[in-house]
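Undergrad: Just so it is clear, I am handing over target-v2.txt, which has compact mmCIF, C-alpha atoms.
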```txt
# COMPACT_ATOMS: atom_id res chain seq x y z
CA MET A 1 -19.84 -9.40 8.03
CA THR A 2 -20.41 -12.64 6.12
CA ASN A 3 -17.92 -14.16 3.69
CA ASP A 4 -20.20 -13.14 0.82
CA GLU A 5 -19.92 -9.49 1.93
CA ARG A 6 -16.13 -9.48 2.17
CA GLN A 7 -14.13 -7.96 -0.67
CA THR A 8 -11.98 -10.17 -2.83
CA PHE A 9 -8.76 -8.88 -4.33
CA LYS A 10 -7.09 -9.77 -7.59
CA ARG A 11 -4.01 -7.62 -6.94
CA MET A 12 -2.72 -5.64 -3.99
CA CYS A 13 -0.35 -2.69 -4.34
CA VAL A 14 2.43 -2.52 -1.74
CA PHE A 15 4.55 0.57 -1.12
CA CYS A 16 7.80 -0.09 0.72
CA GLY A 17 11.46 0.80 1.01
CA SER A 18 14.21 0.26 -1.52
CA ASN A 19 16.38 -0.41 1.55
CA VAL A 20 15.84 -3.18 4.10
CA GLY A 21 16.17 -0.98 7.18
CA THR A 22 18.21 -1.60 10.30
CA ARG A 23 16.18 -4.42 11.84
CA ALA A 24 15.55 -7.92 10.51
CA VAL A 25 11.87 -7.66 11.49
CA TYR A 26 11.23 -5.41 8.50
CA GLN A 27 12.37 -8.10 6.08
CA ASP A 28 10.43 -10.67 8.07
CA VAL A 29 7.15 -8.78 7.71
CA ALA A 30 7.72 -8.12 4.01
CA ARG A 31 8.28 -11.84 3.52
CA GLU A 32 5.23 -12.65 5.66
CA LEU A 33 3.01 -10.36 3.60
CA GLY A 34 4.36 -11.81 0.35
CA ASN A 35 3.69 -15.34 1.56
CA GLU A 36 0.17 -14.43 2.65
CA LEU A 37 -0.64 -12.73 -0.66
CA ALA A 38 0.51 -15.82 -2.57
CA ARG A 39 -1.43 -18.11 -0.23
CA ARG A 40 -4.62 -16.14 -0.83
CA GLY A 41 -4.08 -15.98 -4.59
CA ILE A 42 -3.64 -12.21 -4.57
CA GLY A 43 -1.14 -10.75 -7.01
CA LEU A 44 1.38 -8.07 -6.06
CA VAL A 45 1.79 -4.69 -7.70
CA TYR A 46 4.87 -2.81 -6.52
CA GLY A 47 7.73 -0.53 -7.58
CA GLY A 48 9.60 -3.05 -9.70
CA GLY A 49 12.95 -3.15 -7.87
CA ARG A 50 14.90 -6.18 -6.66
CA VAL A 51 16.62 -4.38 -3.78
CA GLY A 52 15.39 -3.54 -0.29
CA LEU A 53 12.00 -4.57 1.03
CA MET A 54 10.70 -4.31 -2.54
CA GLY A 55 12.87 -7.25 -3.56
CA VAL A 56 12.01 -9.23 -0.43
CA ILE A 57 8.25 -9.08 -0.93
CA ALA A 58 8.46 -9.68 -4.69
CA ASP A 59 10.61 -12.76 -4.19
CA ALA A 60 8.26 -14.10 -1.51
CA VAL A 61 5.21 -13.81 -3.78
CA LEU A 62 7.06 -15.38 -6.70
CA GLN A 63 8.33 -18.25 -4.55
CA GLY A 64 4.73 -18.86 -3.48
CA GLY A 65 3.64 -19.12 -7.10
CA GLY A 66 1.94 -15.72 -7.20
CA GLU A 67 1.77 -13.02 -9.85
CA VAL A 68 4.04 -9.99 -9.47
CA VAL A 69 3.71 -6.86 -11.59
CA GLY A 70 6.43 -4.23 -11.22
CA VAL A 71 6.06 -0.62 -12.33
CA ILE A 72 9.24 1.44 -12.56
CA PRO A 73 10.19 4.76 -14.20
CA ASP A 74 13.05 4.45 -16.65
CA HIS A 75 15.21 6.89 -14.65
CA LEU A 76 15.09 4.55 -11.63
CA MET A 77 16.04 1.40 -13.52
CA ARG A 78 19.62 1.59 -12.28
CA LYS A 79 19.01 3.12 -8.82
CA GLU A 80 16.35 0.62 -7.75
CA VAL A 81 17.86 -2.18 -9.86
CA GLU A 82 14.87 -3.58 -11.73
CA HIS A 83 13.77 -7.12 -10.89
CA ARG A 84 14.13 -9.28 -13.99
CA GLY A 85 12.26 -12.31 -12.71
CA LEU A 86 8.78 -10.79 -12.43
CA THR A 87 5.58 -11.93 -14.06
CA GLU A 88 5.55 -8.53 -15.76
CA LEU A 89 7.68 -5.38 -15.55
CA ARG A 90 6.19 -2.18 -16.88
CA VAL A 91 8.54 0.73 -17.55
CA VAL A 92 6.99 4.22 -17.50
CA GLY A 93 8.32 7.69 -18.09
CA THR A 94 7.60 9.53 -14.84
CA MET A 95 6.81 9.03 -11.17
CA HIS A 96 3.31 10.35 -11.82
CA GLU A 97 2.74 7.68 -14.46
CA ARG A 98 4.09 5.06 -12.08
CA LYS A 99 1.64 5.96 -9.30
CA ALA A 100 -1.33 6.21 -11.65
CA LEU A 101 -0.63 2.84 -13.25
CA MET A 102 -0.04 1.11 -9.92
CA ALA A 103 -3.37 2.46 -8.70
CA ASP A 104 -5.20 1.32 -11.84
CA LEU A 105 -3.77 -2.21 -11.57
CA SER A 106 -4.63 -2.67 -7.89
CA ASP A 107 -7.65 -3.41 -5.71
CA GLY A 108 -6.10 -2.01 -2.53
CA PHE A 109 -2.97 -0.42 -1.10
CA ILE A 110 -0.62 -1.37 1.73
CA ALA A 111 2.28 0.56 3.25
CA LEU A 112 5.24 -1.32 4.66
CA PRO A 113 8.21 0.44 6.29
CA GLY A 114 9.96 2.83 3.93
CA GLY A 115 11.04 6.42 3.45
CA PHE A 116 9.77 9.55 1.73
CA GLY A 117 8.69 7.69 -1.41
CA THR A 118 6.57 5.26 0.59
CA TYR A 119 4.87 8.06 2.51
CA ASP A 120 4.28 10.04 -0.68
CA GLU A 121 2.75 7.12 -2.55
CA PHE A 122 0.58 5.94 0.31
CA CYS A 123 -0.69 9.37 1.34
CA GLU A 124 -1.59 10.15 -2.26
CA VAL A 125 -3.84 7.10 -2.62
CA VAL A 126 -5.41 7.86 0.77
CA THR A 127 -6.11 11.40 -0.45
CA TRP A 128 -7.73 9.98 -3.58
CA ALA A 129 -9.93 7.81 -1.36
CA GLN A 130 -10.84 10.83 0.77
CA LEU A 131 -11.89 12.68 -2.39
CA GLY A 132 -13.94 9.72 -3.61
CA LEU A 133 -11.71 9.07 -6.63
CA HIS A 134 -11.58 5.38 -5.64
CA GLN A 135 -13.19 3.14 -3.03
CA LYS A 136 -10.29 0.77 -2.48
CA PRO A 137 -8.99 -0.02 1.02
CA CYS A 138 -5.75 1.51 2.28
CA GLY A 139 -3.84 -0.38 4.94
CA ILE A 140 -0.74 0.11 7.08
CA LEU A 141 1.27 -2.91 8.25
CA ASN A 142 2.56 -1.41 11.47
CA VAL A 143 5.35 -3.83 12.32
CA ALA A 144 7.24 -3.17 15.56
CA GLY A 145 5.48 0.18 15.92
CA PHE A 146 7.23 1.59 12.86
CA PHE A 147 4.25 3.77 11.91
CA ASP A 148 3.24 4.83 15.44
CA SER A 149 4.49 8.40 14.97
CA LEU A 150 2.79 8.76 11.58
CA LEU A 151 -0.49 7.47 12.97
CA ALA A 152 -0.16 9.87 15.92
CA MET A 153 0.28 12.73 13.45
CA PHE A 154 -2.89 11.65 11.63
CA ASP A 155 -4.72 11.57 14.98
CA HIS A 156 -3.40 15.03 15.85
CA ALA A 157 -4.53 16.43 12.48
CA THR A 158 -7.95 14.90 13.10
CA PHE A 159 -8.15 16.44 16.60
CA GLU A 160 -7.15 19.82 15.18
CA GLY A 161 -9.86 19.68 12.50
CA PHE A 162 -7.76 19.06 9.39
CA ILE A 163 -8.86 15.45 8.84
CA ARG A 164 -12.43 14.34 9.32
CA PRO A 165 -12.93 11.43 11.73
CA ASP A 166 -14.63 9.32 9.04
CA HIS A 167 -11.66 9.91 6.74
CA ARG A 168 -9.18 8.99 9.50
CA ALA A 169 -11.23 5.83 10.07
CA MET A 170 -10.69 4.77 6.44
CA LEU A 171 -7.19 3.52 7.29
CA ARG A 172 -6.89 -0.16 8.15
CA VAL A 173 -4.00 -0.81 10.53
CA ALA A 174 -2.61 -4.10 11.87
CA SER A 175 0.70 -5.52 13.04
CA ASP A 176 0.55 -8.74 11.00
CA ALA A 177 -0.26 -9.52 7.39
CA ASN A 178 -3.15 -11.91 7.99
CA SER A 179 -5.05 -9.47 10.24
CA LEU A 180 -4.46 -6.56 7.89
CA LEU A 181 -5.72 -8.38 4.80
CA ASP A 182 -8.78 -9.56 6.72
CA ALA A 183 -9.51 -6.00 7.85
CA MET A 184 -9.10 -4.70 4.31
CA ALA A 185 -11.49 -7.35 2.99
CA GLU A 186 -14.14 -5.97 5.34
CA TYR A 187 -13.60 -2.35 4.32
CA ARG A 188 -16.50 -0.28 3.10
CA ALA A 189 -15.77 3.19 1.76
CA PRO A 190 -17.54 6.07 3.52
CA VAL A 191 -19.95 8.29 1.66
CA VAL A 192 -17.83 11.21 0.49
CA GLU A 193 -19.22 14.68 1.05
CA LYS A 194 -17.66 18.00 0.19
CA TRP A 195 -14.91 18.94 2.63
CA LEU A 196 -15.71 22.68 2.41
CA THR A 197 -19.14 24.11 3.18
CA ARG A 198 -20.52 27.50 2.16
CA SER A 199 -19.62 28.87 5.59
CA ASP A 200 -15.96 28.00 4.95
CA VAL A 201 -15.60 30.11 1.79
```
Would you mind writing the file out in structure tokens?
TA:
Amino acid sequence: MTNDERQTFKRMCVFCGSNVGTRAVYQDVARELGNELARRGIGLVYGGGRVGLMGVIADAVLQGGGEVVGVIPDHLMRKEVEHRGLTELRVVGTMHERKALMADLSDGFIALPGGFGTYDEFCEVVTWAQLGLHQKPCGILNVAGFFDSLLAMFDHATFEGFIRPDHRAMLRVASDANSLLDAMAEYRAPVVEKWLTRSDV
């Protein structure tokens, strides 16, 4: 694929934990991704908090001179401790509004280590891609094998006939930020066909 055929991104949405986890490598990779986004001139869209990996990646992008847009529901302002140094902080009413706005503002989606909220947010945008509701790349930054079990579950669901191989292949996966962003720039969405056929109903 030539440089002219590669996608360019204005903003990338990152889903990640409001905790930093038990190993320093998780903060390291969040910082690495933030630095790489700023270096490439790609803005960050994220959950708006200043704690956990959310705060680490936001600070890294800001320190690199990049744009950071936070989106946070008003009921999480105190729990996730909103970041007050962002380029822009948008406060919404519900989690559904948060996810919809983050998707609208972004050209792609990346999952860093996190918990239930990270899995929920990432799997929802992957589902939207599967349904053809968007054609944006979805990537997993699989640092230190954090997502190995999740990826194995996706492979198992594919083997058992619940995920189509071309849909499983939509996911871009890498263990470092530079490789992941390169892979996402080369992404081309598959042609979406109906999941169910007449013989299934």
Undergrad: Give me the residues near Gly48 of chain A as a PyMOL selection string, where near means some atom within 12 Å (using all atoms listed in the file) and where sequence neighbours in that chain fewer than 6 positions away do not count.
TA: chain A and resi 13-18+54-59+68-74+76-92+98+102
Undergrad: By how many Å are atom CA of Ile163 of chain A and atom CA of Thr8 of chain A apart?
TA: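 Computed distance, atom CA of Ile163 of chain A to atom CA of Thr8 of chain A, equals 28.3 Å.
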Undergrad: Please compute the atom CA of Ala129 of chain A-atom CA of Asp176 of chain A distance, one decimal, in Å.
TA: 23.2 Å
Undergrad: Please compute the atom CA of Ala38 of chain A-atom CA of Thr94 of chain A distance, one decimal, in Å.
TA: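 If I compute the distance from atom CA of Ala38 of chain A to atom CA of Thr94 of chain A, I get 29.0 Å.
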Undergrad: So that I can check the surroundings of Leu53 of chain A, please list as number ranges by chain every protein, DNA and RNA residue that reaches within 12 Å of it, counting all atoms listed in the file and ignoring chain neighbours fewer than 4 positions away.
TA: A: 14-34, 46-49, 57-60, 80, 111-115, 118
